[in-house]
file final_9.txt (compact mmCIF, C-alpha atoms and all ligand atoms)
# COMPACT_ATOMS: atom_id res chain seq x y z
CA MET A 1 76.19 40.10 74.75
CA HIS A 2 76.67 42.98 72.37
CA LEU A 3 75.30 45.40 75.00
CA CYS A 4 77.52 43.87 77.62
CA GLN A 5 80.52 44.19 75.34
CA SER A 6 79.66 47.78 74.56
CA MET A 7 79.17 48.59 78.28
CA MET A 8 82.52 47.00 79.04
CA ALA A 9 84.13 48.95 76.22
CA SER A 10 82.60 52.16 77.54
CA LYS A 11 83.88 51.44 81.08
CA ILE A 12 87.38 50.74 79.74
CA CYS A 13 87.13 53.92 77.71
CA ASP A 14 86.06 55.94 80.82
CA HIS A 15 88.96 54.44 82.72
CA LEU A 16 91.41 55.33 79.95
CA GLN A 17 90.02 58.87 79.77
CA LEU A 18 90.40 59.24 83.55
CA ALA A 19 93.95 57.91 83.35
CA SER A 20 94.88 60.25 80.53
CA ALA A 21 93.16 63.19 82.28
CA MET A 22 95.25 62.68 85.40
CA THR A 23 97.59 65.57 86.09
CA GLN A 24 101.20 64.82 85.12
CA LEU A 25 104.06 66.17 87.23
CA ALA A 26 107.79 65.99 86.60
CA ILE A 27 110.39 66.57 89.31
CA ILE A 28 113.74 67.39 87.77
CA TYR A 29 116.62 67.60 90.21
CA PHE A 30 120.31 67.11 90.85
CA SER A 31 121.79 65.62 94.01
CA VAL A 32 125.16 64.16 95.00
CA THR A 33 124.94 63.40 98.72
CA GLY A 34 121.19 62.70 98.70
CA THR A 35 119.65 65.70 100.48
CA THR A 36 117.98 67.18 97.41
CA GLU A 37 116.92 63.66 96.48
CA LYS A 38 115.13 63.27 99.85
CA LEU A 39 113.34 66.54 99.17
CA ALA A 40 112.41 65.38 95.65
CA GLN A 41 110.99 62.14 97.06
CA ALA A 42 108.99 64.09 99.65
CA VAL A 43 107.60 66.38 96.92
CA GLU A 44 106.61 63.20 95.05
CA ARG A 45 104.87 61.74 98.14
CA GLY A 46 102.89 64.93 98.59
CA ALA A 47 101.76 65.00 94.96
CA ALA A 48 101.15 61.31 94.39
CA ALA A 49 97.50 61.21 95.50
CA ILE A 50 96.58 63.86 92.95
CA ALA A 51 99.01 63.43 90.05
CA ASP A 52 101.13 60.96 88.13
CA VAL A 53 104.65 61.93 89.16
CA THR A 54 107.92 61.21 87.37
CA LEU A 55 111.18 61.70 89.27
CA CYS A 56 114.02 62.73 86.95
CA ARG A 57 117.42 62.78 88.66
CA ILE A 58 120.11 64.42 86.55
CA GLY A 59 122.87 61.82 86.29
CA SER A 60 126.49 62.07 85.19
CA ASP A 61 125.67 60.18 81.96
CA ASP A 62 123.13 62.87 81.05
CA ILE A 63 125.90 65.41 80.52
CA VAL A 64 128.21 64.83 77.58
CA SER A 65 130.99 67.35 76.80
CA GLY A 66 129.29 69.78 79.18
CA ARG A 67 125.88 69.51 77.50
CA PHE A 68 122.77 67.91 79.00
CA GLN A 69 121.62 65.34 76.44
CA ASN A 70 118.79 63.34 78.01
CA GLU A 71 115.92 63.82 75.56
CA THR A 72 113.69 61.46 77.59
CA VAL A 73 113.73 63.88 80.52
CA LEU A 74 112.91 66.82 78.25
CA ARG A 75 110.02 64.83 76.73
CA THR A 76 108.74 63.96 80.21
CA ILE A 77 108.53 67.68 80.91
CA ASP A 78 106.87 68.26 77.49
CA ALA A 79 104.07 65.96 78.68
CA ALA A 80 103.78 67.37 82.22
CA ASN A 81 101.25 69.88 83.52
CA GLY A 82 103.51 70.86 86.40
CA VAL A 83 107.25 70.77 87.06
CA ALA A 84 109.29 70.98 90.26
CA PHE A 85 112.91 72.15 89.89
CA GLY A 86 115.38 70.97 92.55
CA SER A 87 119.08 71.60 93.06
CA PRO A 88 121.47 72.02 95.97
CA THR A 89 122.74 75.56 96.28
CA TYR A 90 126.31 75.56 95.02
CA MET A 91 128.33 78.75 95.34
CA GLY A 92 125.18 80.82 95.70
CA GLY A 93 123.20 79.36 92.79
CA PRO A 94 121.96 76.14 91.19
CA SER A 95 124.53 73.44 90.51
CA ALA A 96 126.26 73.42 87.12
CA GLN A 97 124.52 70.11 86.37
CA PHE A 98 121.08 71.65 86.88
CA LYS A 99 122.14 74.62 84.75
CA ALA A 100 123.22 72.21 81.99
CA PHE A 101 119.65 70.83 82.01
CA ALA A 102 118.25 74.39 81.92
CA ASP A 103 120.51 75.29 78.99
CA ALA A 104 119.31 72.20 77.10
CA SER A 105 115.73 73.48 77.39
CA SER A 106 116.47 76.42 75.07
CA ASP A 107 114.93 74.69 72.02
CA ARG A 108 111.68 74.39 73.99
CA TRP A 109 112.06 78.05 75.07
CA SER A 110 112.26 79.30 71.47
CA LYS A 111 108.88 77.70 70.73
CA GLN A 112 107.47 78.36 74.24
CA ASN A 113 106.57 74.66 74.38
CA TRP A 114 106.42 74.72 78.19
CA ALA A 115 104.23 77.84 78.45
CA ASN A 116 101.44 77.71 81.05
CA LYS A 117 102.83 74.73 82.91
CA ILE A 118 102.91 75.29 86.67
CA ALA A 119 106.40 75.40 88.20
CA ALA A 120 107.77 75.23 91.75
CA GLY A 121 111.23 74.82 93.24
CA PHE A 122 113.27 73.54 96.16
CA THR A 123 116.86 73.77 97.28
CA THR A 124 119.15 73.00 100.18
CA GLY A 125 122.47 74.18 101.56
CA THR A 126 124.83 73.80 104.49
CA CYS A 127 124.04 77.21 105.93
CA PRO A 128 120.62 78.52 107.02
CA SER A 129 121.21 81.60 104.91
CA GLY A 130 123.61 80.14 102.36
CA ASP A 131 122.16 82.13 99.42
CA GLN A 132 119.45 79.51 98.74
CA LEU A 133 117.19 82.42 97.72
CA HIS A 134 119.35 82.98 94.68
CA THR A 135 118.84 79.38 93.54
CA LEU A 136 115.06 79.75 93.95
CA THR A 137 115.17 83.08 92.12
CA TYR A 138 117.02 81.40 89.28
CA PHE A 139 114.28 78.76 89.08
CA THR A 140 111.63 81.49 88.80
CA ILE A 141 113.55 83.18 85.99
CA LEU A 142 113.87 79.85 84.16
CA ALA A 143 110.12 79.33 84.60
CA ALA A 144 109.39 82.87 83.37
CA GLN A 145 111.59 82.37 80.30
CA HIS A 146 109.46 79.35 79.45
CA GLY A 147 106.18 81.20 80.08
CA MET A 148 105.45 78.93 83.04
CA LEU A 149 103.39 80.06 86.04
CA TRP A 150 105.11 80.05 89.42
CA CYS A 151 103.67 78.24 92.44
CA GLY A 152 105.21 79.48 95.69
CA LEU A 153 104.70 78.31 99.25
CA ASP A 154 101.60 79.67 100.99
CA VAL A 155 102.96 78.85 104.45
CA PRO A 156 104.05 81.90 106.45
CA GLY A 157 107.43 81.22 108.07
CA GLY A 158 107.31 80.99 111.86
CA GLU A 159 103.51 80.86 111.91
CA ASP A 160 102.80 77.22 111.05
CA PRO A 161 101.92 75.06 114.10
CA GLY A 162 103.70 72.09 112.46
CA GLY A 163 106.86 74.13 111.85
CA ARG A 164 106.68 73.97 108.05
CA ASN A 165 108.61 76.56 106.08
CA ARG A 166 111.17 76.69 108.88
CA LEU A 167 113.44 79.15 107.04
CA GLY A 168 110.55 81.42 106.01
CA SER A 169 111.04 81.19 102.25
CA GLN A 170 107.78 81.70 100.36
CA LEU A 171 109.26 81.74 96.86
CA GLY A 172 109.92 78.03 97.20
CA LEU A 173 111.34 75.52 99.65
CA ALA A 174 114.72 76.45 101.14
CA THR A 175 116.29 74.06 103.64
CA HIS A 176 119.56 73.49 105.39
CA LEU A 177 121.13 70.61 107.27
CA ILE A 178 121.24 70.59 111.07
CA ASP A 179 124.10 68.40 112.34
CA GLY A 180 124.21 66.82 108.87
CA THR A 181 120.52 65.89 108.90
CA LEU A 182 117.50 67.28 107.12
CA PRO A 183 114.87 68.26 109.72
CA GLN A 184 111.53 66.46 109.48
CA SER A 185 109.77 69.82 109.20
CA ASP A 186 111.62 70.44 105.91
CA LEU A 187 110.47 67.06 104.57
CA ASN A 188 106.93 67.93 105.66
CA THR A 189 107.24 71.25 103.83
CA ALA A 190 108.43 69.41 100.71
CA GLU A 191 105.40 67.09 100.87
CA TYR A 192 103.16 70.11 101.27
CA LEU A 193 104.78 71.85 98.27
CA GLY A 194 104.27 68.71 96.17
CA ARG A 195 100.59 68.54 97.11
CA ARG A 196 100.12 72.23 96.40
CA LEU A 197 101.88 71.98 93.02
CA ALA A 198 99.71 69.01 92.06
CA GLN A 199 96.52 70.78 93.17
CA VAL A 200 97.32 73.99 91.31
CA ALA A 201 98.41 72.08 88.18
CA SER A 202 95.25 69.93 88.23
CA ARG A 203 93.09 73.08 88.31
CA HIS A 204 95.04 74.61 85.48
CA VAL A 205 95.49 71.88 82.91
CA ARG A 206 96.67 73.42 79.63
C1 LIG B 1 130.62 73.03 95.25
C2 LIG B 1 129.71 73.25 96.42
C3 LIG B 1 129.22 74.52 96.67
C4 LIG B 1 128.35 74.73 97.73
N1 LIG B 1 127.85 75.99 97.93
C5 LIG B 1 126.97 76.21 98.94
C6 LIG B 1 126.40 77.51 99.13
O1 LIG B 1 126.64 78.45 98.39
N2 LIG B 1 125.55 77.66 100.18
C7 LIG B 1 125.24 76.65 101.05
O2 LIG B 1 124.49 76.86 102.00
N3 LIG B 1 125.73 75.39 100.85
C8 LIG B 1 126.59 75.16 99.82
N4 LIG B 1 127.07 73.89 99.58
C9 LIG B 1 126.57 72.77 100.39
C10 LIG B 1 125.50 71.96 99.63
O3 LIG B 1 124.43 72.77 99.19
C11 LIG B 1 124.94 70.87 100.58
O4 LIG B 1 125.99 69.98 100.89
C12 LIG B 1 123.79 70.11 99.99
O5 LIG B 1 123.21 69.32 101.01
C13 LIG B 1 124.17 69.17 98.86
O6 LIG B 1 123.01 68.63 98.29
P1 LIG B 1 122.89 67.06 97.91
O7 LIG B 1 122.98 66.28 99.22
O8 LIG B 1 121.55 66.94 97.30
O9 LIG B 1 124.01 66.73 96.98
C14 LIG B 1 127.96 73.66 98.56
C15 LIG B 1 128.48 72.37 98.30
C16 LIG B 1 129.32 72.17 97.24
C17 LIG B 1 129.84 70.76 96.96

call {"tool": "encode", "arguments": {"input": "final_9.txt", "output": "structure tokens"}}
result
Amino acid sequence: MHLCQSMMASKICDHLQLASAMTQLAIIYFSVTGTTEKLAQAVERGAAAIADVTLCRIGSDDIVSGRFQNETVLRTIDAANGVAFGSPTYMGGPSAQFKAFADASSDRWSKQNWANKIAAGFTTGTCPSGDQLHTLTYFTILAAQHGMLWCGLDVPGGEDPGGRNRLGSQLGLATHLIDGTLPQSDLNTAEYLGRRLAQVASRHVR
């Protein structure tokens, strides 16, 4: 009985250790008309077999007097091994709401609390070349300020038989709407980016 109890306890303990060792990912994004949200959900689907994923959509209640104030989201990122940043491209850069989140991370920056986490990014726009690159570049600078390590897309544009990375952006996922719809190949690319982020983060747990 005692042995049995101790074996059971050890199995529970193993299970708990496995659970706590599982890679944690956070996807922090802003979306109004749902396109970036679809990308965020596809990133989640791609990562879910490898990591515990938390989707954090920046909501209007999170921003008070122009300041992002959702400490729960910031704590979710504190606990994550990898983070995906997502925002529509607005006027050639990330949305103001995403920037409000980034500005609220400055306390973490001063202590480099997010150093060595793996980061990736995705964005969308109306135009195929609507300055999405600038949004992705901003994400990389944010990641660098935090001492994070950037995970780009290792899919050469125009070379993938499945049509992933349609717009040929290897810094991160750039998409645009065709006749108001997100092409399936962009969703497939988002799933791939999520899987890659989870794989890289699981190999590089802090
Ligand atoms: C204020 C504003 C600025 C925008 N600026 C750009 C832009 O610079 N380049 C672009 O391609 N699309 C631009 N768009 C289009 C959005 O990126 C596009 O509608 C996107 O799908 C919105 O994402 P969401 O569906 O996740 O809200 C802009 C839209 C708005 C509302």

call {"tool": "residues_around", "arguments": {"input": "final_9.txt", "residues": "region 106-114 of chain A", "least_positions_apart": "4", "cutoff": "12 Å", "atoms": "only C-alpha atoms", "output": "PyMOL selection string"}}
result
chain A and resi 67-68+71+74-83+99-102+118-119+142-149+206

call {"tool": "closest_residue", "arguments": {"input": "final_9.txt", "among": "A:Arg196, A:Arg203, A:His176, A:Arg57", "to": "Val43 (chain A)", "atoms": "all atoms listed in the file"}}
result
A:Arg196

call {"tool": "atom_distance", "arguments": {"input": "final_9.txt", "atom1": "CA of Phe98 (chain A)", "atom2": "CA of Pro183 (chain A)"}}
result
23.9 Å

call {"tool": "residues_around", "arguments": {"input": "final_9.txt", "residues": "Thr124 (chain A)", "least_positions_apart": "4", "cutoff": "10 Å", "atoms": "all atoms listed in the file", "output": "list in words"}}
result
Ser31, Thr35, Thr36, Leu39, Gly86, Ser87, Pro88, Thr89, Tyr90, Pro94, Pro128, Gly130, Asp131, Gln132, Leu133, Thr135, Leu173, Ala174, Thr175, His176, Leu177, Leu182 and Asp186 of chain A

call {"tool": "write_last_selection", "arguments": {"input": "final_9.txt", "atoms": "C-alpha atoms", "output": "mmCIF file, keeping the file's coordinate frame"}}
result
data_model
loop_
_atom_site.group_PDB
_atom_site.id
_atom_site.type_symbol
_atom_site.label_atom_id
_atom_site.label_comp_id
_atom_site.auth_asym_id
_atom_site.auth_seq_id
_atom_site.Cartn_x
_atom_site.Cartn_y
_atom_site.Cartn_z
ATOM 1 C CA SER A 31 121.790 65.620 94.010
ATOM 2 C CA THR A 35 119.650 65.700 100.480
ATOM 3 C CA THR A 36 117.980 67.180 97.410
ATOM 4 C CA LEU A 39 113.340 66.540 99.170
ATOM 5 C CA GLY A 86 115.380 70.970 92.550
ATOM 6 C CA SER A 87 119.080 71.600 93.060
ATOM 7 C CA PRO A 88 121.470 72.020 95.970
ATOM 8 C CA THR A 89 122.740 75.560 96.280
ATOM 9 C CA TYR A 90 126.310 75.560 95.020
ATOM 10 C CA PRO A 94 121.960 76.140 91.190
ATOM 11 C CA PRO A 128 120.620 78.520 107.020
ATOM 12 C CA GLY A 130 123.610 80.140 102.360
ATOM 13 C CA ASP A 131 122.160 82.130 99.420
ATOM 14 C CA GLN A 132 119.450 79.510 98.740
ATOM 15 C CA LEU A 133 117.190 82.420 97.720
ATOM 16 C CA THR A 135 118.840 79.380 93.540
ATOM 17 C CA LEU A 173 111.340 75.520 99.650
ATOM 18 C CA ALA A 174 114.720 76.450 101.140
ATOM 19 C CA THR A 175 116.290 74.060 103.640
ATOM 20 C CA HIS A 176 119.560 73.490 105.390
ATOM 21 C CA LEU A 177 121.130 70.610 107.270
ATOM 22 C CA LEU A 182 117.500 67.280 107.120
ATOM 23 C CA ASP A 186 111.620 70.440 105.910
#

call {"tool": "atom_distance", "arguments": {"input": "final_9.txt", "atom1": "CA of Leu136 (chain A)", "atom2": "CA of Val205 (chain A)"}}
result
23.8 Å

call {"tool": "atom_distance", "arguments": {"input": "final_9.txt", "atom1": "atom O1 of ligand LIG 1 (chain B)", "atom2": "CA of Thr123 (chain A)"}}
result
10.9 Å

call {"tool": "residues_around", "arguments": {"input": "final_9.txt", "residues": "Leu193 (chain A)", "least_positions_apart": "3", "cutoff": "12 Å", "atoms": "only C-alpha atoms", "output": "VMD selection string"}}
result
chain A and resid 27 39 to 48 82 to 85 119 to 122 151 to 155 164 to 165 169 to 174 186 to 190 196 to 201

call {"tool": "closest_residue", "arguments": {"input": "final_9.txt", "among": "A:Ala51, A:Val73, A:Ile28, A:Met91", "to": "ligand LIG 1 (chain B)", "atoms": "all atoms listed in the file"}}
result
A:Met91

call {"tool": "axis_aligned_box", "arguments": {"input": "final_9.txt", "around": "region 78-94 of chain A", "padding_each_side": "8 Å", "output": "JSON"}}
result
{"center_x": 114.8, "center_y": 73.4, "center_z": 86.9, "size_x": 43.1, "size_y": 30.9, "size_z": 34.8}

call {"tool": "closest_residue", "arguments": {"input": "final_9.txt", "among": "A:Gly66, A:Thr54, A:Ser129, A:Thr72", "to": "Ala96 (chain A)", "atoms": "only C-alpha atoms"}}
result
A:Gly66

call {"tool": "closest_residue", "arguments": {"input": "final_9.txt", "among": "A:Asp62, A:Asp52, A:Glu159, A:Asp179", "to": "ligand LIG 1 (chain B)", "atoms": "only C-alpha atoms and all ligand atoms"}}
result
A:Asp179

call {"tool": "closest_residue", "arguments": {"input": "final_9.txt", "among": "A:Gly158, A:Gly194, A:Gly163, A:Gly180", "to": "ligand LIG 1 (chain B)", "atoms": "all atoms listed in the file"}}
result
A:Gly180

call {"tool": "closest_residue", "arguments": {"input": "final_9.txt", "among": "A:Ile63, A:Ala21, A:Ala104, A:Leu55", "to": "Lys38 (chain A)", "atoms": "all atoms listed in the file"}}
result
A:Leu55

call {"tool": "residues_around", "arguments": {"input": "final_9.txt", "residues": "His134 (chain A)", "least_positions_apart": "3", "cutoff": "7 Å", "atoms": "only C-alpha atoms", "output": "ChimeraX atom specification"}}
result
/A:92-93,131,137-138

call {"tool": "decode", "arguments": {"input": "final_9.txt", "residues": "region 66-145 of chain A", "atoms": "C-alpha atoms", "output": "JSON list (two decimals), in the first residue's frame"}}
result
[["chain", "number", "residue", "atom", "x", "y", "z"],
["A", 66, "GLY", "CA", -3.68, 56.18, -23.48],
["A", 67, "ARG", "CA", -1.74, 53.70, -21.33],
["A", 68, "PHE", "CA", -1.87, 49.91, -21.60],
["A", 69, "GLN", "CA", -2.72, 48.67, -18.11],
["A", 70, "ASN", "CA", -3.35, 44.92, -18.34],
["A", 71, "GLU", "CA", -0.86, 43.47, -15.87],
["A", 72, "THR", "CA", -2.20, 39.93, -16.47],
["A", 73, "VAL", "CA", -1.01, 40.06, -20.08],
["A", 74, "LEU", "CA", 2.42, 41.32, -19.02],
["A", 75, "ARG", "CA", 2.65, 38.51, -16.43],
["A", 76, "THR", "CA", 1.67, 35.95, -19.08],
["A", 77, "ILE", "CA", 4.64, 37.11, -21.11],
["A", 78, "ASP", "CA", 6.86, 37.04, -17.97],
["A", 79, "ALA", "CA", 6.08, 33.31, -17.75],
["A", 80, "ALA", "CA", 6.45, 32.53, -21.47],
["A", 81, "ASN", "CA", 9.45, 31.03, -23.24],
["A", 82, "GLY", "CA", 8.35, 32.44, -26.58],
["A", 83, "VAL", "CA", 6.21, 35.36, -27.70],
["A", 84, "ALA", "CA", 4.50, 36.17, -31.01],
["A", 85, "PHE", "CA", 3.73, 39.85, -31.67],
["A", 86, "GLY", "CA", 0.81, 40.61, -34.01],
["A", 87, "SER", "CA", -0.68, 43.85, -35.27],
["A", 88, "PRO", "CA", -2.31, 45.13, -38.44],
["A", 89, "THR", "CA", -0.12, 47.60, -40.28],
["A", 90, "TYR", "CA", -1.61, 51.03, -39.67],
["A", 91, "MET", "CA", -0.09, 53.99, -41.50],
["A", 92, "GLY", "CA", 3.11, 52.06, -42.14],
["A", 93, "GLY", "CA", 3.68, 50.70, -38.64],
["A", 94, "PRO", "CA", 2.08, 48.80, -35.75],
["A", 95, "SER", "CA", -1.26, 50.06, -34.48],
["A", 96, "ALA", "CA", -1.25, 52.60, -31.65],
["A", 97, "GLN", "CA", -2.90, 49.97, -29.43],
["A", 98, "PHE", "CA", -0.02, 47.53, -29.97],
["A", 99, "LYS", "CA", 2.44, 50.37, -29.33],
["A", 100, "ALA", "CA", 0.64, 51.15, -26.05],
["A", 101, "PHE", "CA", 1.31, 47.53, -25.00],
["A", 102, "ALA", "CA", 4.97, 47.87, -26.08],
["A", 103, "ASP", "CA", 5.33, 51.10, -24.10],
["A", 104, "ALA", "CA", 3.91, 49.38, -21.01],
["A", 105, "SER", "CA", 6.69, 46.80, -21.22],
["A", 106, "SER", "CA", 9.35, 49.40, -20.36],
["A", 107, "ASP", "CA", 9.50, 48.34, -16.68],
["A", 108, "ARG", "CA", 10.38, 44.82, -17.87],
["A", 109, "TRP", "CA", 12.91, 46.33, -20.32],
["A", 110, "SER", "CA", 14.79, 48.18, -17.55],
["A", 111, "LYS", "CA", 15.38, 44.88, -15.76],
["A", 112, "GLN", "CA", 15.71, 42.83, -18.99],
["A", 113, "ASN", "CA", 13.09, 40.47, -17.56],
["A", 114, "TRP", "CA", 12.21, 39.16, -21.03],
["A", 115, "ALA", "CA", 15.81, 38.53, -22.14],
["A", 116, "ASN", "CA", 16.43, 35.27, -24.03],
["A", 117, "LYS", "CA", 12.79, 34.60, -24.79],
["A", 118, "ILE", "CA", 12.22, 33.71, -28.44],
["A", 119, "ALA", "CA", 10.14, 36.23, -30.40],
["A", 120, "ALA", "CA", 8.37, 36.19, -33.77],
["A", 121, "GLY", "CA", 5.89, 38.48, -35.49],
["A", 122, "PHE", "CA", 3.04, 38.74, -37.96],
["A", 123, "THR", "CA", 1.12, 41.53, -39.61],
["A", 124, "THR", "CA", -1.44, 42.23, -42.30],
["A", 125, "GLY", "CA", -2.52, 45.10, -44.51],
["A", 126, "THR", "CA", -4.80, 46.01, -47.39],
["A", 127, "CYS", "CA", -1.98, 46.32, -49.90],
["A", 128, "PRO", "CA", 0.54, 43.62, -50.88],
["A", 129, "SER", "CA", 3.33, 46.09, -50.23],
["A", 130, "GLY", "CA", 1.59, 48.32, -47.71],
["A", 131, "ASP", "CA", 4.73, 48.87, -45.58],
["A", 132, "GLN", "CA", 4.13, 45.69, -43.54],
["A", 133, "LEU", "CA", 7.93, 45.31, -43.40],
["A", 134, "HIS", "CA", 8.10, 48.36, -41.17],
["A", 135, "THR", "CA", 5.70, 46.76, -38.67],
["A", 136, "LEU", "CA", 7.81, 43.59, -38.61],
["A", 137, "THR", "CA", 10.98, 45.66, -38.25],
["A", 138, "TYR", "CA", 9.41, 47.44, -35.29],
["A", 139, "PHE", "CA", 8.67, 44.06, -33.68],
["A", 140, "THR", "CA", 12.33, 43.04, -34.08],
["A", 141, "ILE", "CA", 13.49, 46.28, -32.46],
["A", 142, "LEU", "CA", 11.08, 45.74, -29.57],
["A", 143, "ALA", "CA", 12.43, 42.19, -29.20],
["A", 144, "ALA", "CA", 16.03, 43.46, -29.33],
["A", 145, "GLN", "CA", 15.32, 46.09, -26.68]]
